[in-house]
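Text of entry.tsv (TSV, C-alpha atoms) as supplied:
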chain	number	residue	atom	x	y	z
A	872	MET	CA	0.00	0.00	0.00
A	873	THR	CA	1.31	3.47	-0.86
A	874	GLU	CA	1.36	6.42	1.53
A	875	ASP	CA	-1.39	8.12	-0.46
A	876	GLU	CA	-3.58	5.02	-0.38
A	877	PHE	CA	-2.97	4.66	3.36
A	878	THR	CA	-3.80	8.28	4.21
A	879	GLY	CA	-6.97	7.94	2.12
A	880	LEU	CA	-8.27	5.25	4.48
A	881	GLU	CA	-10.64	6.01	7.33
A	882	LYS	CA	-9.11	6.04	10.80
A	883	ARG	CA	-10.49	2.63	11.75
A	884	GLU	CA	-9.24	1.08	8.50
A	885	ARG	CA	-5.82	2.64	9.02
A	886	GLU	CA	-5.61	1.12	12.48
A	887	ARG	CA	-6.69	-2.27	11.16
A	888	TYR	CA	-4.02	-2.08	8.48
A	889	LEU	CA	-1.35	-1.09	11.02
A	890	ARG	CA	-2.32	-4.04	13.21
A	891	SER	CA	-2.07	-6.41	10.26
A	892	VAL	CA	1.41	-5.14	9.30
A	893	CYS	CA	2.55	-5.51	12.92
A	894	SER	CA	1.08	-9.01	13.03
A	895	GLU	CA	2.94	-9.94	9.82
A	896	HIS	CA	6.12	-9.00	11.67
A	897	GLY	CA	5.22	-11.06	14.72
A	898	LEU	CA	4.27	-8.10	16.89
A	899	ARG	CA	0.87	-8.35	18.57
A	900	ILE	CA	-0.30	-4.95	19.67
A	901	ALA	CA	-2.88	-3.97	22.25
A	902	GLU	CA	-3.14	-0.39	21.09
A	903	VAL	CA	-1.82	1.96	18.47
A	904	ARG	CA	-1.86	5.74	18.68
A	905	ARG	CA	-0.12	8.78	17.36
A	906	GLU	CA	1.59	11.39	19.58
A	907	ASP	CA	2.52	14.23	17.21
A	908	ASP	CA	5.23	12.78	14.95
A	909	VAL	CA	5.55	9.58	16.94
A	910	LEU	CA	3.58	6.44	16.14
A	911	VAL	CA	3.31	4.54	19.42
A	912	LEU	CA	2.68	0.81	19.23
A	913	VAL	CA	1.70	-0.76	22.52
A	914	PRO	CA	2.67	-4.46	22.47
A	915	ASP	CA	0.54	-7.09	24.19
A	916	THR	CA	3.62	-8.03	26.12
A	917	LEU	CA	7.29	-7.09	26.28
A	918	ALA	CA	8.21	-10.68	26.97
A	919	SER	CA	8.22	-11.95	23.41
A	920	LEU	CA	9.16	-9.10	21.13
A	921	PRO	CA	10.35	-9.99	17.61
A	922	PRO	CA	14.11	-9.72	16.92
A	923	ALA	CA	15.63	-6.26	16.36
A	924	ASP	CA	16.09	-6.75	12.60
A	925	VAL	CA	12.43	-7.68	12.18
A	926	LEU	CA	11.37	-4.60	14.16
A	927	GLN	CA	13.69	-2.48	12.00
A	928	ASP	CA	11.91	-3.85	8.94
A	929	LEU	CA	8.56	-3.06	10.54
A	930	SER	CA	9.76	0.48	11.18
A	931	ASN	CA	10.74	0.83	7.52
A	932	ARG	CA	7.32	-0.39	6.40
A	933	LEU	CA	5.49	2.07	8.62
A	934	THR	CA	7.68	5.09	7.94
A	935	ALA	CA	6.96	4.49	4.25
A	936	LEU	CA	3.31	5.13	5.15
A	937	GLY	CA	4.17	8.62	6.40
A	938	TYR	CA	5.07	8.09	10.06
A	939	ARG	CA	8.30	9.85	10.93
A	940	TYR	CA	9.07	7.85	14.07
A	941	VAL	CA	7.82	4.37	14.88
A	942	SER	CA	8.20	3.26	18.47
A	943	ILE	CA	6.97	0.71	20.97
A	944	SER	CA	5.67	1.79	24.34
A	945	VAL	CA	7.44	0.28	27.29
A	946	ASP	CA	4.88	1.51	29.80
A	947	ASP	CA	1.57	0.00	28.92
A	948	ALA	CA	2.56	-3.50	27.79
B	122	MET	CA	51.47	3.76	17.37
B	123	ALA	CA	49.49	3.08	14.17
B	124	ASP	CA	50.95	4.68	11.07
B	125	LEU	CA	48.98	7.31	9.22
B	126	ARG	CA	47.90	7.06	5.57
B	127	PRO	CA	50.21	9.22	3.40
B	128	ASP	CA	47.45	11.64	2.29
B	129	LEU	CA	46.34	12.14	5.88
B	130	LYS	CA	49.90	12.61	7.02
B	131	GLU	CA	50.30	15.30	4.37
B	132	LYS	CA	47.11	17.09	5.43
B	133	THR	CA	48.14	16.88	9.07
B	134	THR	CA	51.55	18.32	8.25
B	135	ARG	CA	49.89	21.21	6.39
B	136	ILE	CA	47.62	21.91	9.38
B	137	LEU	CA	50.60	21.93	11.74
B	138	SER	CA	52.40	24.41	9.45
B	139	GLU	CA	49.34	26.65	9.29
B	140	MET	CA	48.98	26.61	13.05
B	141	LYS	CA	52.61	27.52	13.51
B	142	GLU	CA	52.12	30.53	11.25
B	143	MET	CA	49.01	31.60	13.16
B	144	GLY	CA	50.82	32.05	16.42
B	145	ARG	CA	48.46	31.71	19.35
B	146	ILE	CA	45.26	29.67	19.07
B	147	VAL	CA	42.23	29.13	21.30
B	148	ILE	CA	40.38	25.90	20.52
B	149	GLY	CA	36.77	25.33	21.50
B	150	LEU	CA	37.06	21.94	23.21
B	151	SER	CA	33.97	19.80	23.76
B	152	GLY	CA	35.92	16.67	24.58
B	153	GLY	CA	34.75	14.89	21.44
B	154	VAL	CA	37.14	13.40	18.91
B	155	ASP	CA	37.09	16.37	16.50
B	156	SER	CA	37.92	19.21	18.84
B	157	SER	CA	40.31	16.99	20.81
B	158	THR	CA	42.23	16.27	17.61
B	159	VAL	CA	42.50	19.97	16.74
B	160	ALA	CA	43.57	20.75	20.31
B	161	ALA	CA	46.21	18.00	20.26
B	162	LEU	CA	47.62	19.21	16.94
B	163	ALA	CA	47.72	22.80	18.19
B	164	HIS	CA	49.40	21.75	21.41
B	165	ARG	CA	51.92	19.67	19.49
B	166	VAL	CA	53.08	22.61	17.40
B	167	LEU	CA	52.40	25.57	19.71
B	168	GLY	CA	52.78	24.19	23.24
B	169	GLU	CA	51.83	26.89	25.75
B	170	GLU	CA	50.66	29.15	22.92
B	171	ALA	CA	47.64	26.88	22.45
B	172	LEU	CA	44.68	27.12	24.81
B	173	ALA	CA	41.59	24.90	24.99
B	174	ALA	CA	38.33	26.43	26.21
B	175	THR	CA	35.21	24.48	27.08
B	176	ALA	CA	31.85	26.22	27.03
B	177	VAL	CA	29.96	25.28	30.17
B	178	SER	CA	26.24	25.88	29.86
B	179	GLU	CA	22.88	24.25	30.53
B	180	THR	CA	23.14	22.08	27.42
B	181	LEU	CA	26.39	20.40	28.44
B	182	PRO	CA	25.90	17.17	30.40
B	183	GLU	CA	28.03	16.99	33.52
B	184	ARG	CA	29.58	13.75	32.25
B	185	GLU	CA	30.86	15.52	29.14
B	186	PHE	CA	32.22	18.40	31.20
B	187	TRP	CA	34.44	15.95	33.08
B	188	GLU	CA	35.39	14.17	29.87
B	189	ALA	CA	36.54	17.50	28.36
B	190	ARG	CA	38.70	18.15	31.42
B	191	GLU	CA	40.19	14.67	31.24
B	192	VAL	CA	41.08	14.91	27.56
B	193	ALA	CA	42.65	18.35	28.08
B	194	ASP	CA	44.80	16.79	30.82
B	195	GLU	CA	45.67	13.90	28.55
B	196	ILE	CA	46.77	16.25	25.76
B	197	GLY	CA	48.59	18.46	28.24
B	198	ILE	CA	47.05	21.61	26.81
B	199	ARG	CA	46.15	24.62	28.96
B	200	HIS	CA	42.41	24.56	29.63
B	201	ARG	CA	39.86	27.20	30.58
B	202	LEU	CA	36.16	26.99	31.27
B	203	LEU	CA	33.83	29.48	29.66
B	204	GLU	CA	30.54	29.76	31.52
B	205	PHE	CA	27.53	31.17	29.78
B	206	SER	CA	23.77	30.67	29.55
B	207	GLU	CA	22.11	29.68	26.32
B	208	LEU	CA	18.73	29.74	28.05
B	209	ALA	CA	19.16	33.46	28.67
B	210	ASP	CA	18.66	33.97	24.94
B	211	GLU	CA	15.02	33.88	23.89
B	212	GLN	CA	15.95	33.07	20.30
B	213	PHE	CA	17.72	29.94	21.51
B	214	ARG	CA	14.94	28.93	23.90
B	215	SER	CA	12.27	29.23	21.23
B	216	ASN	CA	14.01	26.33	19.46
B	217	THR	CA	13.47	27.12	15.82
B	218	ALA	CA	15.44	25.31	13.11
B	219	SER	CA	18.06	28.06	13.55
B	220	ARG	CA	18.71	27.26	17.21
B	221	CYS	CA	22.29	26.12	16.59
B	222	TYR	CA	23.03	29.36	14.75
B	223	PHE	CA	22.15	31.45	17.82
B	224	CYS	CA	24.00	29.10	20.14
B	225	GLN	CA	27.21	29.02	18.13
B	226	SER	CA	27.07	32.78	17.58
B	227	MET	CA	27.01	33.25	21.36
B	228	ARG	CA	29.58	30.56	22.04
B	229	PHE	CA	32.19	31.67	19.53
B	230	GLY	CA	31.48	35.35	20.23
B	231	GLN	CA	32.50	34.69	23.82
B	232	LEU	CA	35.51	32.66	22.74
B	233	HIS	CA	36.65	35.57	20.59
B	234	GLU	CA	36.31	37.88	23.61
B	235	ILE	CA	38.45	35.56	25.73
B	236	ALA	CA	40.95	35.22	22.92
B	237	GLN	CA	41.26	38.97	22.57
B	238	HIS	CA	41.50	39.47	26.32
B	239	LEU	CA	44.32	36.93	26.61
B	240	GLY	CA	46.14	38.09	23.49
B	241	PHE	CA	45.33	35.09	21.28
B	242	ASP	CA	45.09	35.59	17.55
B	243	VAL	CA	42.85	32.81	16.32
B	244	VAL	CA	39.79	30.88	17.50
B	245	ALA	CA	39.50	27.31	16.15
B	246	SER	CA	36.85	24.62	16.13
B	247	GLY	CA	36.77	20.89	15.42
B	248	THR	CA	34.23	21.05	12.60
B	249	ASN	CA	35.06	18.31	10.10
B	250	TYR	CA	34.31	17.81	6.42
B	251	SER	CA	31.46	15.33	7.05
B	252	ASP	CA	29.59	17.92	9.12
B	253	GLN	CA	28.58	19.77	5.99
B	254	GLY	CA	26.14	17.09	4.89
B	255	ASP	CA	23.92	17.56	7.90
B	256	HIS	CA	21.58	20.34	9.01
B	257	ARG	CA	24.15	22.58	10.73
B	258	PRO	CA	23.12	26.24	10.96
B	259	GLY	CA	25.91	26.59	13.51
B	260	LEU	CA	28.44	26.35	10.68
B	261	LYS	CA	27.14	29.62	9.29
B	262	ALA	CA	27.72	31.32	12.64
B	263	MET	CA	31.29	30.02	12.71
B	264	ARG	CA	31.95	31.24	9.17
B	265	GLU	CA	30.59	34.68	10.06
B	266	GLN	CA	32.92	34.82	13.04
B	267	GLY	CA	35.98	33.79	11.03
B	268	VAL	CA	36.55	30.64	13.06
B	269	TYR	CA	39.51	28.55	11.88
B	270	GLN	CA	38.22	25.05	11.01
B	271	PRO	CA	41.24	23.04	9.89
B	272	LEU	CA	39.48	19.67	9.57
B	273	LEU	CA	36.83	21.22	7.35
B	274	GLU	CA	39.22	23.34	5.32
B	275	HIS	CA	41.48	20.36	4.60
B	276	GLU	CA	38.49	18.15	3.73
B	277	ILE	CA	39.08	15.63	6.49
B	278	GLU	CA	36.04	13.42	7.03
B	279	LYS	CA	34.94	11.96	10.35
B	280	ASP	CA	36.49	8.52	9.86
B	281	ASP	CA	39.81	10.12	8.95
B	282	VAL	CA	39.63	12.41	12.00
B	283	ARG	CA	39.42	9.22	14.06
B	284	ARG	CA	42.48	7.86	12.25
B	285	ILE	CA	44.44	11.02	13.05
B	286	ALA	CA	43.26	10.94	16.67
B	287	ARG	CA	44.38	7.34	16.97
B	288	TRP	CA	47.73	8.21	15.42
B	289	LEU	CA	48.07	11.00	17.99
B	290	GLY	CA	47.36	8.45	20.72
B	291	LEU	CA	44.16	10.11	21.92
B	292	SER	CA	41.94	7.90	24.05
B	293	VAL	CA	38.84	9.51	22.53
B	294	TRP	CA	39.64	8.34	18.99
B	295	ASP	CA	36.61	5.99	18.92
B	296	LYS	CA	34.32	8.01	21.18
B	297	PRO	CA	30.75	8.06	19.85
B	298	ALA	CA	29.59	11.37	18.40
B	299	LYS	CA	27.89	13.66	20.89
B	300	ALA	CA	25.63	16.66	20.48
B	301	CYS	CA	24.30	19.28	22.87
B	302	LEU	CA	21.29	18.24	24.92
B	303	SER	CA	18.94	20.65	23.17
B	304	SER	CA	19.26	18.51	20.03
B	305	ARG	CA	16.94	16.00	21.75
B	306	ILE	CA	14.04	18.47	21.76
B	307	PRO	CA	11.98	18.77	18.56
B	308	HIS	CA	11.99	22.21	16.97
B	309	GLY	CA	9.05	24.28	18.11
B	310	LEU	CA	9.12	22.97	21.69
B	311	GLU	CA	10.80	25.43	24.03
B	312	VAL	CA	14.22	24.48	25.40
B	313	THR	CA	13.86	24.62	29.19
B	314	GLN	CA	16.01	23.72	32.14
B	315	GLU	CA	13.45	21.08	33.16
B	316	ARG	CA	13.57	19.35	29.78
B	317	LEU	CA	17.37	19.46	29.57
B	318	ARG	CA	17.82	18.01	33.03
B	319	ARG	CA	15.39	15.12	32.50
B	320	ILE	CA	17.10	14.29	29.18
B	321	GLU	CA	20.48	14.29	30.92
B	322	ALA	CA	19.18	12.08	33.75
B	323	ALA	CA	17.49	9.67	31.32
B	324	GLU	CA	20.62	9.34	29.17
B	325	GLU	CA	22.64	8.68	32.29
B	326	VAL	CA	20.46	5.58	32.81
B	327	LEU	CA	21.56	4.26	29.41
B	328	TYR	CA	25.22	5.13	30.11
B	329	GLU	CA	25.03	3.22	33.37
B	330	GLU	CA	23.60	0.21	31.55
B	331	GLY	CA	26.63	0.22	29.25
B	332	PHE	CA	25.13	1.56	26.02
B	333	ARG	CA	27.48	3.53	23.76
B	334	GLN	CA	25.51	5.27	21.05
B	335	PHE	CA	22.02	6.52	21.91
B	336	ARG	CA	19.77	9.52	22.40
B	337	VAL	CA	16.69	10.12	24.52
B	338	ARG	CA	14.46	12.39	22.45
B	339	ASP	CA	11.97	14.47	24.42
B	340	HIS	CA	8.57	14.77	22.73
B	341	ASP	CA	7.06	16.95	25.44
B	342	GLY	CA	7.45	14.35	28.17
B	343	LEU	CA	7.25	11.29	25.94
B	344	ALA	CA	10.74	9.77	25.84
B	345	ARG	CA	11.68	8.21	22.51
B	346	ILE	CA	14.86	6.22	23.05
B	347	GLU	CA	17.10	5.71	20.03
B	348	VAL	CA	19.99	3.24	20.33
B	349	ALA	CA	22.48	2.22	17.67
B	350	PRO	CA	21.39	-0.75	15.50
B	351	ALA	CA	24.22	-2.84	16.96
B	352	GLU	CA	22.76	-2.33	20.44
B	353	MET	CA	19.07	-2.79	19.56
B	354	SER	CA	18.90	-6.49	20.46
B	355	ARG	CA	20.21	-5.72	23.91
B	356	VAL	CA	17.82	-2.85	24.64
B	357	LEU	CA	14.89	-5.14	23.76
B	358	GLU	CA	15.76	-7.67	26.49
B	359	THR	CA	12.70	-7.63	28.70
B	360	ASP	CA	14.29	-7.18	32.12
B	361	LEU	CA	16.76	-4.58	30.92
B	362	LEU	CA	14.06	-2.70	29.03
B	363	THR	CA	11.89	-2.59	32.12
B	364	ASP	CA	14.78	-1.27	34.24
B	365	ILE	CA	15.58	1.39	31.66
B	366	ALA	CA	11.94	2.45	31.48
B	367	ASP	CA	11.80	2.77	35.29
B	368	GLY	CA	14.91	4.94	35.29
B	369	VAL	CA	13.70	7.14	32.45
B	370	ARG	CA	10.36	7.69	34.17
B	371	GLU	CA	12.19	8.58	37.37
B	372	ALA	CA	14.10	11.16	35.34
B	373	GLY	CA	10.79	12.92	34.73
B	374	PHE	CA	9.22	11.48	31.57
B	375	HIS	CA	5.55	10.48	31.62
B	376	GLU	CA	5.89	7.83	28.92
B	377	VAL	CA	8.80	5.76	27.64
B	378	THR	CA	9.09	4.38	24.14
B	379	VAL	CA	11.86	2.77	22.08
B	380	ASP	CA	12.29	3.82	18.46
B	381	LEU	CA	12.27	0.73	16.24
B	382	GLY	CA	14.46	2.45	13.63
B	383	GLY	CA	17.30	2.91	16.09
B	384	TYR	CA	19.69	5.83	16.47
B	385	ARG	CA	19.95	8.32	13.60
B	386	SER	CA	22.14	11.39	13.89
B	387	GLY	CA	20.00	14.51	13.57
B	388	SER	CA	16.73	12.60	13.54
B	389	LEU	CA	14.89	15.70	14.77
B	390	ASN	CA	16.30	17.93	12.06
B	391	PRO	CA	13.78	19.70	9.85
B	392	THR	CA	12.54	17.64	6.93
B	393	SER	CA	11.78	20.72	4.84
B	394	ALA	CA	14.61	22.74	3.33
B	395	SER	CA	12.57	25.89	3.93
B	396	ASP	CA	13.02	25.40	7.67
B	397	ASP	CA	16.76	25.54	7.36
B	398	HIS	CA	18.46	28.77	8.36
B	399	GLU	CA	21.27	28.00	5.91
Show this structure as structure tokens.
Amino acid sequence: MTEDEFTGLEKRERERYLRSVCSEHGLRIAEVRREDDVLVLVPDTLASLPPADVLQDLSNRLTALGYRYVSISVDDA
Amino acid sequence: MADLRPDLKEKTTRILSEMKEMGRIVIGLSGGVDSSTVAALAHRVLGEEALAATAVSETLPEREFWEAREVADEIGIRHRLLEFSELADEQFRSNTASRCYFCQSMRFGQLHEIAQHLGFDVVASGTNYSDQGDHRPGLKAMREQGVYQPLLEHEIEKDDVRRIARWLGLSVWDKPAKACLSSRIPHGLEVTQERLRRIEAAEEVLYEEGFRQFRVRDHDGLARIEVAPAEMSRVLETDLLTDIADGVREAGFHEVTVDLGGYRSGSLNPTSASDDHE
């Protein structure tokens, strides 16, 4: 999906798409939200995060959709 | 001692000759590899006629203050501290994309005053050739003030500065690049004492855990931790991550996140060329 196609989605569809991309990368998320330029992914648990290179790839996928910073929350998991 | 590549040896020799011609030089010393290299070269050729000066302000972490003192001792160069307040300047505090311009104008303006007062002829910095590729409005301020930048003028890139530093026997030759604490605050958010101190305290947590290359970016109380790709696997270890998060919250952040893209130099720089003071 291109950035233009993604931004054309409704908010709920965007969130569903983000969840599916995270899931493809082995990251199950409880919540996703945006804090200014930062996309915050809240994982279900910190105990079984995917390897760093997979998360880097996830970051690349999501920044290509227009998010400047892609991060995981350490607080809410 | 490792030998130096012939082209670097030639450039280094030319810098030493230039310095000798210049007479008396004050070098702005941060304690990083670039300014330490310039200070060591100046000391080598000028001895007591070279002086290192470290700007001590709100944006300098205490750890780096001590590191600057240590490297000055190691080089054997005379060392002075220059205390000033960046936060006293509203243009700096307002944190536009030109923030570094105002800071470096102040910093090198004061260095020039000290130089004049002490009878020094030239003020030098450790700016290197690789610095040009980044968003560096501070370079404009240095050009305006006629600062001598030997590593830039002789087209010496960062990796080659490290080679020269190693050849000189400096312990900081492989020290990770540092930047002032205000670089962790996105443009548009005011630079305040509270934000600077919580960034410093949060980064101290990562230092204490043994990380080498990282930043804690402050998105108005949301900490976004960037660590170098080589250290990402370690920061994601559950127990360690939990300890880091506790420490960063204690430093004053209301939420702690880890950037999945890892550390990028200048990641908060403007994305639009129109924002750039240069």
task: Please report as a PyMOL selection string which residues of chain B come no farther than 10 Å from chain A, using all atoms listed in the file.
output: chain B and resi 307+340-341+343-347+350-360+362-363+365-367+370+375-383+388-389+392
Output file for the selection above: C-alpha atoms, as a compact mmCIF listing (two decimals), in the frame of the given file:
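Full text of selection-v1.txt as output:
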# COMPACT_ATOMS: atom_id res chain seq x y z
CA PRO B 307 11.98 18.77 18.56
CA HIS B 340 8.57 14.77 22.73
CA ASP B 341 7.06 16.95 25.44
CA LEU B 343 7.25 11.29 25.94
CA ALA B 344 10.74 9.77 25.84
CA ARG B 345 11.68 8.21 22.51
CA ILE B 346 14.86 6.22 23.05
CA GLU B 347 17.10 5.71 20.03
CA PRO B 350 21.39 -0.75 15.50
CA ALA B 351 24.22 -2.84 16.96
CA GLU B 352 22.76 -2.33 20.44
CA MET B 353 19.07 -2.79 19.56
CA SER B 354 18.90 -6.49 20.46
CA ARG B 355 20.21 -5.72 23.91
CA VAL B 356 17.82 -2.85 24.64
CA LEU B 357 14.89 -5.14 23.76
CA GLU B 358 15.76 -7.67 26.49
CA THR B 359 12.70 -7.63 28.70
CA ASP B 360 14.29 -7.18 32.12
CA LEU B 362 14.06 -2.70 29.03
CA THR B 363 11.89 -2.59 32.12
CA ILE B 365 15.58 1.39 31.66
CA ALA B 366 11.94 2.45 31.48
CA ASP B 367 11.80 2.77 35.29
CA ARG B 370 10.36 7.69 34.17
CA HIS B 375 5.55 10.48 31.62
CA GLU B 376 5.89 7.83 28.92
CA VAL B 377 8.80 5.76 27.64
CA THR B 378 9.09 4.38 24.14
CA VAL B 379 11.86 2.77 22.08
CA ASP B 380 12.29 3.82 18.46
CA LEU B 381 12.27 0.73 16.24
CA GLY B 382 14.46 2.45 13.63
CA GLY B 383 17.30 2.91 16.09
CA SER B 388 16.73 12.60 13.54
CA LEU B 389 14.89 15.70 14.77
CA THR B 392 12.54 17.64 6.93
- prompt: CA of Phe877 (chain A) to CA of Leu936 (chain A): how many Å, to one decimal?
  reply: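 Between CA of Phe877 (chain A) and CA of Leu936 (chain A) the gap is 6.5 Å.
Of the residues under consideration (B:Gly149, B:Arg199, B:Ile285, B:Arg165), B:Gly149 shows the shortest atom-to-atom contact distance to Gln231 (chain B) when counting all atoms listed in the file.
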query: Taking into account all atoms listed in the file, which residue in the set A:Gly937, A:Glu881, A:Asp915, A:Glu886 is nearest to Val903 (chain A)?
result: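 Closest residue, counting all atoms listed in the file: A:Glu886.
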query: So which one's closest to Glu902 (chain A), A:Met872, A:Leu880, A:Ala935, A:Leu889? Using only C-alpha atoms, please.
result: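 Comparing A:Met872, A:Leu880, A:Ala935, A:Leu889 against Glu902 (chain A), the winner is A:Leu889.
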